[in-house]
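Enquirer: For reference, this is work_27.txt, and it has compact mmCIF, C-alpha atoms and all ligand atoms.
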```
# COMPACT_ATOMS: atom_id res chain seq x y z
CA MET A 81 -26.04 18.24 -18.54
CA SER A 82 -23.20 19.63 -16.47
CA GLU A 83 -20.57 21.05 -18.84
CA ASN A 84 -17.69 20.72 -16.41
CA LEU A 85 -18.11 16.96 -16.27
CA ILE A 86 -17.37 16.52 -19.95
CA PRO A 87 -13.56 16.78 -19.65
CA ILE A 88 -13.64 14.25 -16.82
CA ILE A 89 -15.50 11.74 -18.94
CA GLY A 90 -13.18 12.55 -21.83
CA GLU A 91 -10.24 11.54 -19.67
CA ILE A 92 -11.87 8.30 -18.65
CA LEU A 93 -12.72 7.39 -22.19
CA ASN A 94 -9.47 7.24 -24.07
CA ASN A 95 -10.81 4.58 -26.28
CA TYR A 96 -14.48 4.66 -27.09
CA ASP A 97 -17.07 4.34 -29.74
CA ARG A 98 -18.02 7.91 -30.55
CA GLU A 99 -21.56 7.12 -31.53
CA LEU A 100 -22.33 5.07 -28.44
CA TYR A 101 -20.67 7.70 -26.33
CA GLU A 102 -22.79 10.50 -27.70
CA GLU A 103 -25.90 8.38 -27.45
CA ALA A 104 -25.15 7.74 -23.80
CA TRP A 105 -24.53 11.44 -23.22
CA LYS A 106 -28.09 12.19 -24.22
CA ASN A 107 -29.22 10.11 -21.30
CA PHE A 108 -26.44 11.14 -18.99
CA ASN A 109 -27.71 13.08 -16.02
CA GLY A 110 -24.33 14.16 -14.71
CA LYS A 111 -23.91 11.07 -12.64
CA ILE A 112 -21.15 8.50 -12.59
CA PHE A 113 -21.78 5.34 -10.63
CA ASP A 114 -19.47 2.64 -9.39
CA CYS A 115 -21.14 -0.69 -9.61
CA GLU A 116 -19.79 -3.96 -8.32
CA ARG A 117 -22.78 -6.25 -8.57
CA LEU A 118 -24.38 -7.50 -11.76
CA ASN A 119 -27.86 -7.43 -10.25
CA GLU A 120 -27.42 -3.72 -9.51
CA LEU A 121 -26.21 -2.84 -12.99
CA LYS A 122 -29.71 -2.68 -14.45
CA ASN A 123 -30.69 -0.06 -11.89
CA PHE A 124 -27.64 2.09 -12.52
CA ALA A 125 -27.68 1.81 -16.31
CA GLY A 126 -29.96 4.52 -17.64
CA ARG A 127 -29.37 6.76 -14.64
CA GLY A 128 -25.88 7.77 -15.68
CA ILE A 129 -22.50 6.39 -16.65
CA VAL A 130 -21.45 3.30 -14.75
CA LYS A 131 -17.91 2.16 -14.03
CA ILE A 132 -17.57 -1.60 -13.78
CA GLY A 133 -14.88 -4.24 -13.80
CA LEU A 134 -15.05 -6.53 -16.82
CA CYS A 135 -12.73 -9.32 -17.91
CA ASN A 136 -12.21 -10.26 -21.55
CA ASN A 137 -14.40 -13.36 -21.45
CA GLU A 138 -17.03 -13.12 -24.18
CA LYS A 139 -19.71 -14.56 -21.93
CA CYS A 140 -19.14 -11.87 -19.33
CA VAL A 141 -19.29 -9.16 -21.99
CA GLU A 142 -22.52 -10.65 -23.32
CA GLU A 143 -23.98 -10.72 -19.85
CA VAL A 144 -23.38 -7.01 -19.13
CA GLU A 145 -24.48 -5.99 -22.63
CA LYS A 146 -27.96 -7.23 -21.78
CA CYS A 147 -28.20 -4.05 -19.69
CA GLY A 148 -26.47 -1.62 -22.05
CA SER A 149 -23.21 -1.03 -23.88
CA VAL A 150 -19.57 -0.88 -22.96
CA LEU A 151 -18.60 2.66 -23.96
CA GLY A 152 -14.90 2.47 -23.36
CA VAL A 153 -11.98 1.29 -21.31
CA ASN A 154 -10.54 3.35 -18.53
CA GLU A 155 -6.91 3.18 -19.62
CA ASN A 156 -5.81 5.28 -16.66
CA ASN A 157 -7.01 2.62 -14.33
CA LYS A 158 -5.64 -0.43 -16.08
CA ASN A 159 -3.37 -1.41 -13.25
CA GLU A 160 -5.93 -1.00 -10.56
CA ARG A 161 -7.20 -4.28 -9.17
CA LYS A 162 -10.72 -4.60 -10.32
CA LYS A 163 -12.90 -7.68 -10.27
CA CYS A 164 -15.11 -8.72 -13.13
CA ILE A 165 -18.71 -7.87 -12.30
CA VAL A 166 -19.84 -11.22 -13.76
CA CYS A 167 -17.26 -13.86 -12.83
CA GLY A 168 -15.15 -12.10 -10.18
CA LYS A 169 -11.86 -12.65 -11.98
CA LYS A 170 -9.20 -10.02 -12.59
CA ALA A 171 -10.68 -7.35 -14.83
CA THR A 172 -10.19 -4.03 -16.55
CA GLU A 173 -12.27 -1.04 -15.59
CA VAL A 174 -14.74 -0.15 -18.31
CA VAL A 175 -17.31 2.59 -18.61
CA PHE A 176 -20.79 1.41 -19.26
CA GLY A 177 -24.02 3.08 -20.24
CA LYS A 178 -27.48 2.42 -21.50
CA THR A 179 -28.16 3.25 -25.13
CA TYR A 180 -31.51 3.34 -26.82
ZN ZN A 201 -15.61 -12.16 -16.21
```
Can the structure from this file be put into structure tokens for me?
Ligand SMILES: [Zn+2]

Expert:
Amino acid sequence: MSENLIPIIGEILNNYDRELYEEAWKNFNGKIFDCERLNELKNFAGRGIVKIGLCNNEKCVEEVEKCGSVLGVNENNKNERKKCIVCGKKATEVVFGKTY
């Protein structure tokens, strides 16, 4: 694990579940991916931390959680236009990772 990446992730995750976060860190290989397609999410999850757009529709959340867990919301990027990875609607950027 690359130590100097920790503060970066800490900045991204202003609001996260500590346990999930630490669990994901164990599998974090120092890589952060940007993913815009649901069918690619499975490949990225487990290889690092993935940034995705996600709206607040429960069905969309359920769909992405088949591949892993939402670790937190990128509050710094709230105003950035991001599309939901599932439905394509206006979304918030979230940080996603695979937990075991
Ligand atoms: Zn959606």

Enquirer: Which residues are near ligand ZN 201 (chain A) in this structure, taking near to mean any atom at most 9 Å from a ligand atom and counting all atoms listed in the file? Format them as a list in words.

Expert: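 Based on all atoms listed in the file, ligand ZN 201 (chain A) is surrounded within 9 Å by Gly133, Leu134, Cys135, Asn136, Asn137, Glu138, Lys139, Cys140, Val141, Lys163, Cys164, Ile165, Val166, Cys167, Gly168, Lys169, Lys170 and Ala171 of chain A.
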
Enquirer: Go ahead and dump the residues you just picked, C-alpha atoms, as a tab-separated table (two decimals), in the frame of the given file.

Expert:
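Saved file out.tsv follows:
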```tsv
chain	number	residue	atom	x	y	z
A	133	GLY	CA	-14.88	-4.24	-13.80
A	134	LEU	CA	-15.05	-6.53	-16.82
A	135	CYS	CA	-12.73	-9.32	-17.91
A	136	ASN	CA	-12.21	-10.26	-21.55
A	137	ASN	CA	-14.40	-13.36	-21.45
A	138	GLU	CA	-17.03	-13.12	-24.18
A	139	LYS	CA	-19.71	-14.56	-21.93
A	140	CYS	CA	-19.14	-11.87	-19.33
A	141	VAL	CA	-19.29	-9.16	-21.99
A	163	LYS	CA	-12.90	-7.68	-10.27
A	164	CYS	CA	-15.11	-8.72	-13.13
A	165	ILE	CA	-18.71	-7.87	-12.30
A	166	VAL	CA	-19.84	-11.22	-13.76
A	167	CYS	CA	-17.26	-13.86	-12.83
A	168	GLY	CA	-15.15	-12.10	-10.18
A	169	LYS	CA	-11.86	-12.65	-11.98
A	170	LYS	CA	-9.20	-10.02	-12.59
A	171	ALA	CA	-10.68	-7.35	-14.83
```

Enquirer: Which residues, written as an MDAnalysis selection string, have at least one atom at most 8 Å from Lys111 (chain A), with only C-alpha atoms counted and residues fewer than 6 positions away on the same chain left out?

Expert: chainID A and resid 127:129

Enquirer: Quote the spacing between CA of Asn123 (chain A) and CA of Glu142 (chain A) in Å to one decimal place.

Expert: 17.6 Å

Enquirer: Closest to Val150 (chain A) among A:Lys162, A:Lys122, A:Arg117, A:Lys131, using all atoms listed in the file?

Expert: A:Lys131

Enquirer: Counting all atoms listed in the file, I want the residues whose atoms come within 6 Å of (-16.2, 1.5, -20.1) in the file frame, returned as a compact mmCIF listing (two decimals) with C-alpha atoms, keeping the file's coordinate frame.

Expert:
```txt
# COMPACT_ATOMS: atom_id res chain seq x y z
CA VAL A 150 -19.57 -0.88 -22.96
CA LEU A 151 -18.60 2.66 -23.96
CA GLY A 152 -14.90 2.47 -23.36
CA VAL A 153 -11.98 1.29 -21.31
CA VAL A 174 -14.74 -0.15 -18.31
CA VAL A 175 -17.31 2.59 -18.61
CA PHE A 176 -20.79 1.41 -19.26
```

Enquirer: Rounded to one decimal in Å, what is the spacing between CA of Arg161 (chain A) and CA of Glu120 (chain A)?

Expert: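 These two atoms are separated by 20.2 Å.
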
Enquirer: Quote the spacing between CA of Thr172 (chain A) and CA of Gly126 (chain A) in Å to one decimal place.

Expert: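 So the answer is 21.6 Å.
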